[in-house]
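What follows is data-v6.pdb (PDB, C-alpha atoms, pLDDT in the B column).
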```pdb
MODEL        1
ATOM      1  CA  MET A   1      79.299  11.054 -39.365  1.00 96.00           C
ATOM      2  CA  ARG A   2      79.048   7.645 -41.048  1.00 98.00           C
ATOM      3  CA  VAL A   3      77.218   7.965 -44.363  1.00 98.00           C
ATOM      4  CA  HIS A   4      76.249   4.942 -46.475  1.00 98.00           C
ATOM      5  CA  TRP A   5      74.774   5.350 -49.938  1.00 98.00           C
ATOM      6  CA  LEU A   6      72.995   2.937 -52.257  1.00 98.00           C
ATOM      7  CA  GLN A   7      73.747   2.928 -55.986  1.00 98.00           C
ATOM      8  CA  HIS A   8      71.370   1.244 -58.444  1.00 98.00           C
ATOM      9  CA  VAL A   9      73.183   1.787 -61.748  1.00 98.00           C
ATOM     10  CA  PRO A  10      76.796   2.806 -62.372  1.00 97.00           C
ATOM     11  CA  PHE A  11      75.884   6.035 -64.189  1.00 97.00           C
ATOM     12  CA  GLU A  12      73.873   7.542 -61.301  1.00 97.00           C
ATOM     13  CA  GLY A  13      76.212   8.655 -58.542  1.00 97.00           C
ATOM     14  CA  LEU A  14      76.061  11.187 -55.727  1.00 98.00           C
ATOM     15  CA  GLY A  15      76.558  14.239 -57.936  1.00 98.00           C
ATOM     16  CA  SER A  16      77.088  17.358 -55.828  1.00 98.00           C
ATOM     17  CA  ILE A  17      76.514  15.373 -52.612  1.00 98.00           C
ATOM     18  CA  GLU A  18      79.955  13.765 -52.989  1.00 98.00           C
ATOM     19  CA  PRO A  19      82.063  16.943 -52.636  1.00 98.00           C
ATOM     20  CA  TRP A  20      79.793  18.182 -49.822  1.00 98.00           C
ATOM     21  CA  LEU A  21      80.466  15.006 -47.813  1.00 98.00           C
ATOM     22  CA  ALA A  22      84.189  15.093 -48.568  1.00 98.00           C
ATOM     23  CA  ALA A  23      84.554  18.752 -47.540  1.00 98.00           C
ATOM     24  CA  ARG A  24      83.073  17.976 -44.140  1.00 97.00           C
ATOM     25  CA  GLY A  25      85.123  14.878 -43.479  1.00 97.00           C
ATOM     26  CA  HIS A  26      82.249  12.436 -43.242  1.00 98.00           C
ATOM     27  CA  GLU A  27      83.068   8.738 -43.459  1.00 98.00           C
ATOM     28  CA  VAL A  28      81.448   7.453 -46.674  1.00 98.00           C
ATOM     29  CA  ALA A  29      80.672   3.854 -47.693  1.00 98.00           C
ATOM     30  CA  MET A  30      78.540   2.562 -50.546  1.00 98.00           C
ATOM     31  CA  SER A  31      76.658  -0.489 -51.775  1.00 98.00           C
ATOM     32  CA  ARG A  32      76.647  -1.033 -55.545  1.00 98.00           C
ATOM     33  CA  LEU A  33      73.463  -3.076 -55.584  1.00 98.00           C
ATOM     34  CA  TYR A  34      73.716  -3.797 -59.313  1.00 97.00           C
ATOM     35  CA  ALA A  35      77.089  -5.462 -58.601  1.00 98.00           C
ATOM     36  CA  GLY A  36      75.866  -7.590 -55.706  1.00 97.00           C
ATOM     37  CA  ASP A  37      77.267  -5.554 -52.799  1.00 98.00           C
ATOM     38  CA  ALA A  38      75.736  -6.248 -49.408  1.00 97.00           C
ATOM     39  CA  LEU A  39      73.323  -3.827 -47.783  1.00 98.00           C
ATOM     40  CA  PRO A  40      74.338  -2.269 -44.467  1.00 97.00           C
ATOM     41  CA  ASP A  41      72.814  -2.893 -41.041  1.00 95.00           C
ATOM     42  CA  PRO A  42      71.382   0.157 -39.234  1.00 96.00           C
ATOM     43  CA  ASP A  43      74.232  -0.034 -36.704  1.00 96.00           C
ATOM     44  CA  ASP A  44      76.739   0.521 -39.530  1.00 96.00           C
ATOM     45  CA  TYR A  45      75.760   4.106 -40.410  1.00 98.00           C
ATOM     46  CA  ASP A  46      74.268   7.358 -39.170  1.00 98.00           C
ATOM     47  CA  TRP A  47      72.863   8.439 -42.515  1.00 98.00           C
ATOM     48  CA  LEU A  48      71.520   6.392 -45.442  1.00 98.00           C
ATOM     49  CA  ILE A  49      71.208   7.856 -48.943  1.00 98.00           C
ATOM     50  CA  ALA A  50      69.357   6.015 -51.730  1.00 98.00           C
ATOM     51  CA  MET A  51      69.983   7.370 -55.219  1.00 98.00           C
ATOM     52  CA  GLY A  52      68.129   7.082 -58.539  1.00 97.00           C
ATOM     53  CA  GLY A  53      67.820   4.421 -61.192  1.00 97.00           C
ATOM     54  CA  PRO A  54      65.689   3.452 -64.197  1.00 96.00           C
ATOM     55  CA  MET A  55      63.957   0.438 -62.634  1.00 96.00           C
ATOM     56  CA  ASN A  56      60.543   0.254 -60.965  1.00 96.00           C
ATOM     57  CA  VAL A  57      60.448  -0.416 -57.219  1.00 97.00           C
ATOM     58  CA  ASP A  58      58.591  -3.714 -57.689  1.00 95.00           C
ATOM     59  CA  GLN A  59      60.774  -5.256 -60.426  1.00 97.00           C
ATOM     60  CA  GLU A  60      62.069  -7.807 -57.928  1.00 97.00           C
ATOM     61  CA  ALA A  61      62.107 -10.674 -60.435  1.00 97.00           C
ATOM     62  CA  GLU A  62      64.627  -8.766 -62.548  1.00 97.00           C
ATOM     63  CA  TYR A  63      66.411  -7.020 -59.657  1.00 98.00           C
ATOM     64  CA  PRO A  64      66.146  -9.339 -56.608  1.00 96.00           C
ATOM     65  CA  TRP A  65      68.035  -6.879 -54.390  1.00 97.00           C
ATOM     66  CA  LEU A  66      65.072  -4.482 -54.487  1.00 98.00           C
ATOM     67  CA  ALA A  67      63.238  -6.552 -51.865  1.00 97.00           C
ATOM     68  CA  ASP A  68      66.228  -6.421 -49.523  1.00 97.00           C
ATOM     69  CA  GLU A  69      66.702  -2.714 -50.159  1.00 98.00           C
ATOM     70  CA  LYS A  70      63.119  -1.945 -49.174  1.00 98.00           C
ATOM     71  CA  ARG A  71      63.660  -3.863 -45.938  1.00 98.00           C
ATOM     72  CA  CYS A  72      66.924  -1.956 -45.407  1.00 98.00           C
ATOM     73  CA  LEU A  73      65.158   1.392 -45.847  1.00 98.00           C
ATOM     74  CA  ALA A  74      62.290   0.322 -43.588  1.00 98.00           C
ATOM     75  CA  ALA A  75      64.807  -0.592 -40.868  1.00 98.00           C
ATOM     76  CA  ALA A  76      66.606   2.741 -41.247  1.00 98.00           C
ATOM     77  CA  LEU A  77      63.355   4.677 -40.979  1.00 98.00           C
ATOM     78  CA  ALA A  78      62.181   2.649 -37.994  1.00 97.00           C
ATOM     79  CA  ALA A  79      65.506   3.277 -36.254  1.00 97.00           C
ATOM     80  CA  GLY A  80      65.190   7.046 -36.738  1.00 97.00           C
ATOM     81  CA  LYS A  81      68.294   7.282 -38.925  1.00 98.00           C
ATOM     82  CA  ARG A  82      68.853  10.169 -41.277  1.00 98.00           C
ATOM     83  CA  VAL A  83      67.492   8.972 -44.631  1.00 98.00           C
ATOM     84  CA  LEU A  84      67.575  10.807 -47.966  1.00 98.00           C
ATOM     85  CA  GLY A  85      65.950   9.232 -51.020  1.00 98.00           C
ATOM     86  CA  ILE A  86      66.214  10.755 -54.481  1.00 98.00           C
ATOM     87  CA  CYS A  87      63.975   9.745 -57.402  1.00 98.00           C
ATOM     88  CA  LEU A  88      63.977   5.905 -57.300  1.00 98.00           C
ATOM     89  CA  GLY A  89      65.388   6.190 -53.782  1.00 98.00           C
ATOM     90  CA  ALA A  90      62.364   8.262 -52.701  1.00 98.00           C
ATOM     91  CA  GLN A  91      60.002   5.809 -54.392  1.00 98.00           C
ATOM     92  CA  LEU A  92      61.669   2.949 -52.501  1.00 98.00           C
ATOM     93  CA  MET A  93      61.300   4.893 -49.248  1.00 98.00           C
ATOM     94  CA  ALA A  94      57.610   5.439 -49.949  1.00 98.00           C
ATOM     95  CA  ARG A  95      57.124   1.766 -50.799  1.00 98.00           C
ATOM     96  CA  ALA A  96      58.982   0.729 -47.632  1.00 98.00           C
ATOM     97  CA  LEU A  97      56.514   2.878 -45.685  1.00 98.00           C
ATOM     98  CA  GLY A  98      53.535   1.156 -47.323  1.00 98.00           C
ATOM     99  CA  ALA A  99      52.686   3.725 -50.015  1.00 98.00           C
ATOM    100  CA  ALA A 100      51.953   2.887 -53.631  1.00 98.00           C
ATOM    101  CA  VAL A 101      54.343   3.666 -56.495  1.00 98.00           C
ATOM    102  CA  THR A 102      52.626   3.830 -59.878  1.00 97.00           C
ATOM    103  CA  PRO A 103      53.358   4.919 -63.457  1.00 95.00           C
ATOM    104  CA  GLY A 104      52.926   8.621 -64.130  1.00 92.00           C
ATOM    105  CA  ALA A 105      53.593  11.089 -66.913  1.00 91.00           C
ATOM    106  CA  PRO A 106      57.316  11.192 -67.696  1.00 96.00           C
ATOM    107  CA  GLU A 107      58.909  14.386 -66.396  1.00 98.00           C
ATOM    108  CA  ILE A 108      62.388  14.983 -67.770  1.00 98.00           C
ATOM    109  CA  GLY A 109      64.251  18.279 -67.681  1.00 98.00           C
ATOM    110  CA  TRP A 110      63.856  21.586 -65.850  1.00 98.00           C
ATOM    111  CA  PHE A 111      60.427  22.162 -64.340  1.00 98.00           C
ATOM    112  CA  ASP A 112      59.365  24.259 -61.375  1.00 98.00           C
ATOM    113  CA  VAL A 113      58.623  22.653 -58.019  1.00 98.00           C
ATOM    114  CA  GLU A 114      56.349  24.415 -55.544  1.00 98.00           C
ATOM    115  CA  LEU A 115      56.229  23.807 -51.812  1.00 98.00           C
ATOM    116  CA  THR A 116      52.871  22.758 -50.401  1.00 97.00           C
ATOM    117  CA  GLY A 117      51.078  24.489 -47.564  1.00 95.00           C
ATOM    118  CA  THR A 118      52.121  21.694 -45.209  1.00 95.00           C
ATOM    119  CA  ALA A 119      55.843  21.906 -46.052  1.00 96.00           C
ATOM    120  CA  ALA A 120      56.359  24.514 -43.335  1.00 93.00           C
ATOM    121  CA  GLN A 121      55.702  21.809 -40.750  1.00 94.00           C
ATOM    122  CA  SER A 122      59.246  20.531 -41.306  1.00 95.00           C
ATOM    123  CA  PRO A 123      62.344  22.636 -40.527  1.00 95.00           C
ATOM    124  CA  LEU A 124      64.269  20.486 -43.018  1.00 96.00           C
ATOM    125  CA  LEU A 125      62.615  22.432 -45.836  1.00 91.00           C
ATOM    126  CA  GLY A 126      62.982  25.847 -44.223  1.00 85.00           C
ATOM    127  CA  GLY A 127      65.689  26.985 -46.635  1.00 84.00           C
ATOM    128  CA  PHE A 128      63.737  26.278 -49.804  1.00 94.00           C
ATOM    129  CA  PRO A 129      62.040  29.077 -51.722  1.00 96.00           C
ATOM    130  CA  ALA A 130      58.293  28.697 -52.229  1.00 97.00           C
ATOM    131  CA  ARG A 131      58.890  27.898 -55.907  1.00 97.00           C
ATOM    132  CA  PHE A 132      62.102  26.947 -57.676  1.00 97.00           C
ATOM    133  CA  PRO A 133      63.323  25.169 -60.846  1.00 97.00           C
ATOM    134  CA  ALA A 134      64.483  21.592 -60.290  1.00 98.00           C
ATOM    135  CA  PHE A 135      65.932  18.904 -62.507  1.00 98.00           C
ATOM    136  CA  HIS A 136      63.712  15.861 -63.149  1.00 98.00           C
ATOM    137  CA  TRP A 137      64.099  12.455 -64.736  1.00 98.00           C
ATOM    138  CA  HIS A 138      61.307  10.095 -63.770  1.00 97.00           C
ATOM    139  CA  GLY A 139      58.273   8.240 -65.042  1.00 96.00           C
ATOM    140  CA  ASP A 140      56.887   6.587 -61.916  1.00 97.00           C
ATOM    141  CA  ARG A 141      55.370   8.510 -59.002  1.00 96.00           C
ATOM    142  CA  PHE A 142      54.882   7.778 -55.302  1.00 98.00           C
ATOM    143  CA  ASP A 143      51.880   8.274 -53.062  1.00 98.00           C
ATOM    144  CA  ILE A 144      52.582  10.156 -49.839  1.00 98.00           C
ATOM    145  CA  PRO A 145      53.113   7.623 -47.021  1.00 98.00           C
ATOM    146  CA  ASP A 146      50.840   7.656 -44.008  1.00 98.00           C
ATOM    147  CA  GLY A 147      52.264   9.934 -41.351  1.00 97.00           C
ATOM    148  CA  ALA A 148      54.482  11.838 -43.786  1.00 98.00           C
ATOM    149  CA  ILE A 149      54.301  15.516 -44.738  1.00 97.00           C
ATOM    150  CA  HIS A 150      53.397  16.177 -48.382  1.00 98.00           C
ATOM    151  CA  ALA A 151      56.073  18.764 -49.108  1.00 98.00           C
ATOM    152  CA  ALA A 152      56.162  19.681 -52.817  1.00 98.00           C
ATOM    153  CA  ALA A 153      54.390  19.392 -56.163  1.00 98.00           C
ATOM    154  CA  SER A 154      54.921  20.276 -59.818  1.00 97.00           C
ATOM    155  CA  GLU A 155      52.671  20.795 -62.822  1.00 95.00           C
ATOM    156  CA  HIS A 156      53.312  17.277 -64.093  1.00 95.00           C
ATOM    157  CA  CYS A 157      53.550  15.411 -60.774  1.00 96.00           C
ATOM    158  CA  GLY A 158      51.518  16.284 -57.694  1.00 97.00           C
ATOM    159  CA  ASN A 159      53.741  14.380 -55.258  1.00 98.00           C
ATOM    160  CA  GLN A 160      57.300  15.669 -55.534  1.00 98.00           C
ATOM    161  CA  ALA A 161      58.587  15.394 -51.969  1.00 98.00           C
ATOM    162  CA  PHE A 162      57.724  14.112 -48.518  1.00 98.00           C
ATOM    163  CA  VAL A 163      59.221  14.364 -45.053  1.00 98.00           C
ATOM    164  CA  TYR A 164      58.879  11.458 -42.634  1.00 98.00           C
ATOM    165  CA  GLY A 165      59.617  12.129 -38.998  1.00 96.00           C
ATOM    166  CA  GLU A 166      62.411  14.551 -38.172  1.00 96.00           C
ATOM    167  CA  ARG A 167      65.239  13.046 -40.244  1.00 97.00           C
ATOM    168  CA  ALA A 168      63.908  11.486 -43.451  1.00 98.00           C
ATOM    169  CA  VAL A 169      63.249  13.184 -46.794  1.00 98.00           C
ATOM    170  CA  GLY A 170      62.146  11.737 -50.134  1.00 98.00           C
ATOM    171  CA  LEU A 171      62.626  13.866 -53.259  1.00 98.00           C
ATOM    172  CA  GLN A 172      61.175  12.877 -56.617  1.00 98.00           C
ATOM    173  CA  PHE A 173      63.247  15.622 -58.255  1.00 98.00           C
ATOM    174  CA  HIS A 174      67.028  16.021 -58.326  1.00 98.00           C
ATOM    175  CA  LEU A 175      69.001  18.733 -56.524  1.00 98.00           C
ATOM    176  CA  GLU A 176      72.338  16.918 -56.751  1.00 98.00           C
ATOM    177  CA  THR A 177      72.574  16.902 -60.541  1.00 98.00           C
ATOM    178  CA  THR A 178      75.638  18.456 -62.153  1.00 98.00           C
ATOM    179  CA  PRO A 179      76.239  19.078 -65.866  1.00 97.00           C
ATOM    180  CA  GLU A 180      78.328  15.895 -65.886  1.00 97.00           C
ATOM    181  CA  SER A 181      75.696  13.718 -64.215  1.00 97.00           C
ATOM    182  CA  ALA A 182      72.957  15.154 -66.442  1.00 98.00           C
ATOM    183  CA  ALA A 183      75.053  14.311 -69.501  1.00 97.00           C
ATOM    184  CA  ALA A 184      75.472  10.753 -68.197  1.00 97.00           C
ATOM    185  CA  LEU A 185      71.702  10.360 -67.859  1.00 97.00           C
ATOM    186  CA  ILE A 186      71.199  11.711 -71.361  1.00 97.00           C
ATOM    187  CA  ASP A 187      73.819   9.304 -72.705  1.00 97.00           C
ATOM    188  CA  HIS A 188      72.400   6.190 -71.016  1.00 96.00           C
ATOM    189  CA  CYS A 189      68.668   6.983 -71.165  1.00 96.00           C
ATOM    190  CA  ALA A 190      68.322   8.787 -74.500  1.00 95.00           C
ATOM    191  CA  ASP A 191      65.429   6.493 -75.497  1.00 95.00           C
ATOM    192  CA  GLU A 192      63.270   8.223 -72.871  1.00 96.00           C
ATOM    193  CA  LEU A 193      63.540  11.631 -74.568  1.00 96.00           C
ATOM    194  CA  VAL A 194      60.190  11.426 -76.336  1.00 94.00           C
ATOM    195  CA  ASP A 195      58.310  14.333 -77.890  1.00 94.00           C
ATOM    196  CA  ARG A 196      55.876  15.574 -75.240  1.00 94.00           C
ATOM    197  CA  PRO A 197      55.462  18.768 -73.176  1.00 95.00           C
ATOM    198  CA  SER A 198      56.857  17.213 -69.996  1.00 97.00           C
ATOM    199  CA  VAL A 199      60.092  16.031 -71.667  1.00 98.00           C
ATOM    200  CA  GLN A 200      62.820  18.442 -72.732  1.00 98.00           C
ATOM    201  CA  SER A 201      65.545  17.907 -75.294  1.00 97.00           C
ATOM    202  CA  ALA A 202      69.137  17.209 -74.319  1.00 97.00           C
ATOM    203  CA  GLU A 203      70.130  20.618 -75.669  1.00 97.00           C
ATOM    204  CA  THR A 204      67.563  22.400 -73.503  1.00 97.00           C
ATOM    205  CA  MET A 205      68.596  20.510 -70.379  1.00 98.00           C
ATOM    206  CA  LEU A 206      72.268  21.409 -70.793  1.00 97.00           C
ATOM    207  CA  ALA A 207      71.840  24.916 -72.208  1.00 96.00           C
ATOM    208  CA  SER A 208      72.430  26.900 -68.992  1.00 93.00           C
ATOM    209  CA  PRO A 209      75.152  25.385 -66.780  1.00 92.00           C
ATOM    210  CA  GLU A 210      74.623  28.059 -64.119  1.00 94.00           C
ATOM    211  CA  ARG A 211      71.251  26.490 -63.276  1.00 96.00           C
ATOM    212  CA  PHE A 212      73.086  23.492 -61.829  1.00 98.00           C
ATOM    213  CA  ASP A 213      75.007  25.746 -59.432  1.00 97.00           C
ATOM    214  CA  ALA A 214      71.761  27.142 -58.014  1.00 96.00           C
ATOM    215  CA  LEU A 215      70.332  23.625 -57.817  1.00 97.00           C
ATOM    216  CA  ASN A 216      73.351  22.324 -55.915  1.00 98.00           C
ATOM    217  CA  ARG A 217      73.173  25.183 -53.425  1.00 97.00           C
ATOM    218  CA  LEU A 218      69.664  24.035 -52.531  1.00 97.00           C
ATOM    219  CA  MET A 219      71.004  20.528 -52.022  1.00 98.00           C
ATOM    220  CA  ASP A 220      73.833  21.837 -49.835  1.00 98.00           C
ATOM    221  CA  GLY A 221      71.294  23.578 -47.610  1.00 97.00           C
ATOM    222  CA  LEU A 222      69.152  20.468 -47.261  1.00 98.00           C
ATOM    223  CA  LEU A 223      72.218  18.381 -46.410  1.00 98.00           C
ATOM    224  CA  GLU A 224      73.239  20.894 -43.737  1.00 97.00           C
ATOM    225  CA  ARG A 225      69.802  20.744 -42.138  1.00 97.00           C
ATOM    226  CA  LEU A 226      69.716  16.939 -42.275  1.00 97.00           C
ATOM    227  CA  ALA A 227      73.180  16.728 -40.736  1.00 97.00           C
ATOM    228  CA  ALA A 228      72.051  18.968 -37.878  1.00 97.00           C
ATOM    229  CA  ALA A 229      68.768  17.106 -37.292  1.00 95.00           C
TER     230      ALA A 229
ENDMDL
END
```
Produce structure tokens that represent the structure in this file.
Amino acid sequence: MRVHWLQHVPFEGLGSIEPWLAARGHEVAMSRLYAGDALPDPDDYDWLIAMGGPMNVDQEAEYPWLADEKRCLAAALAAGKRVLGICLGAQLMARALGAAVTPGAPEIGWFDVELTGTAAQSPLLGGFPARFPAFHWHGDRFDIPDGAIHAAASEHCGNQAFVYGERAVGLQFHLETTPESAAALIDHCADELVDRPSVQSAETMLASPERFDALNRLMDGLLERLAAA
């Protein structure tokens, strides 16, 4: 399968998605949007993955490529491609589908995510437990796009995931995070670690490495179901 992924900042990569793709022999290409790489056409890939980043989806004056990326995601969704958006990537998906993205309470660290009653409508989420700890690092939040399934919520953010059609998933939370990628976020975004209940310390986030293994297994399952869709 031809997989193309979109990178917004150099310190946010694929995390555990990278070894999963490599182990299955998928052809992988990327666009480093911060470096001026071109966006792909829908004919160039079978699966599009949009990763995270610290910018807001509408900061087009500062990041002109955001406008093109939203058009790229809209084209992928319209073409029925497999699309996975994580954090900023999910917000861009929602915006491409006409939903609002607005500031919310910052949610940084390990907080439980709970599936909604409508999540069962999508087989893509069939392997998720009803409630599970996920890794978060976001301030903005998306509305659920028209026609999408509202799939998950947390205490600090009511809209944590949506499924659009049979092959597209937007996750506000992170399942791909590894201890190394979490440390990179902490290193580059330490100014966001403010003192509030929805923000954990660096020490707390990194205290139990085994949590990342469980997190990545959930991501592996979602990737398997997306690949089979």
(request) Measuring atom to atom with all atoms listed in the file, identify which of A:Glu180, A:Asp44, A:Glu210, A:Asp220 is nearest to A:Cys72. (result)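 Of A:Glu180, A:Asp44, A:Glu210, A:Asp220, the one nearest A:Cys72, counting all atoms listed in the file, is A:Asp44.
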(request) Rounded to one decimal place, report the atom CA of A:Ala75-atom CA of A:His174 distance in Å. (result) 24.2 Å
(request) Give me, please, the distance in Å between atom CA of A:Ala79 and atom CA of A:Ala148, quoted to one decimal. (result)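 Going from atom CA of A:Ala79 over to atom CA of A:Ala148 covers 15.9 Å.
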(message) Show me, as a ChimeraX atom specification, the residues that have an atom within 12 Å of A:Arg82 when counting only C-alpha atoms, minus same-chain residues fewer than 5 positions from it.
(response) /A:1-5,42,45-50,73,75-77,124,163-170,222-229
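Atom pair atom CA of A:Glu192 / atom CA of A:Met55 has a distance of 12.9 Å (rounded to one decimal).
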(request) With a distance cut-off of 9 Å and all atoms listed in the file, select the neighbouring residues of A:Asp112, excluding the residue or stretch itself and same-chain residues fewer than 3 positions from it, and output the selection as JSON, numbers by chain. (result) {"A": [131, 132, 133, 134, 135, 153, 154, 155]}
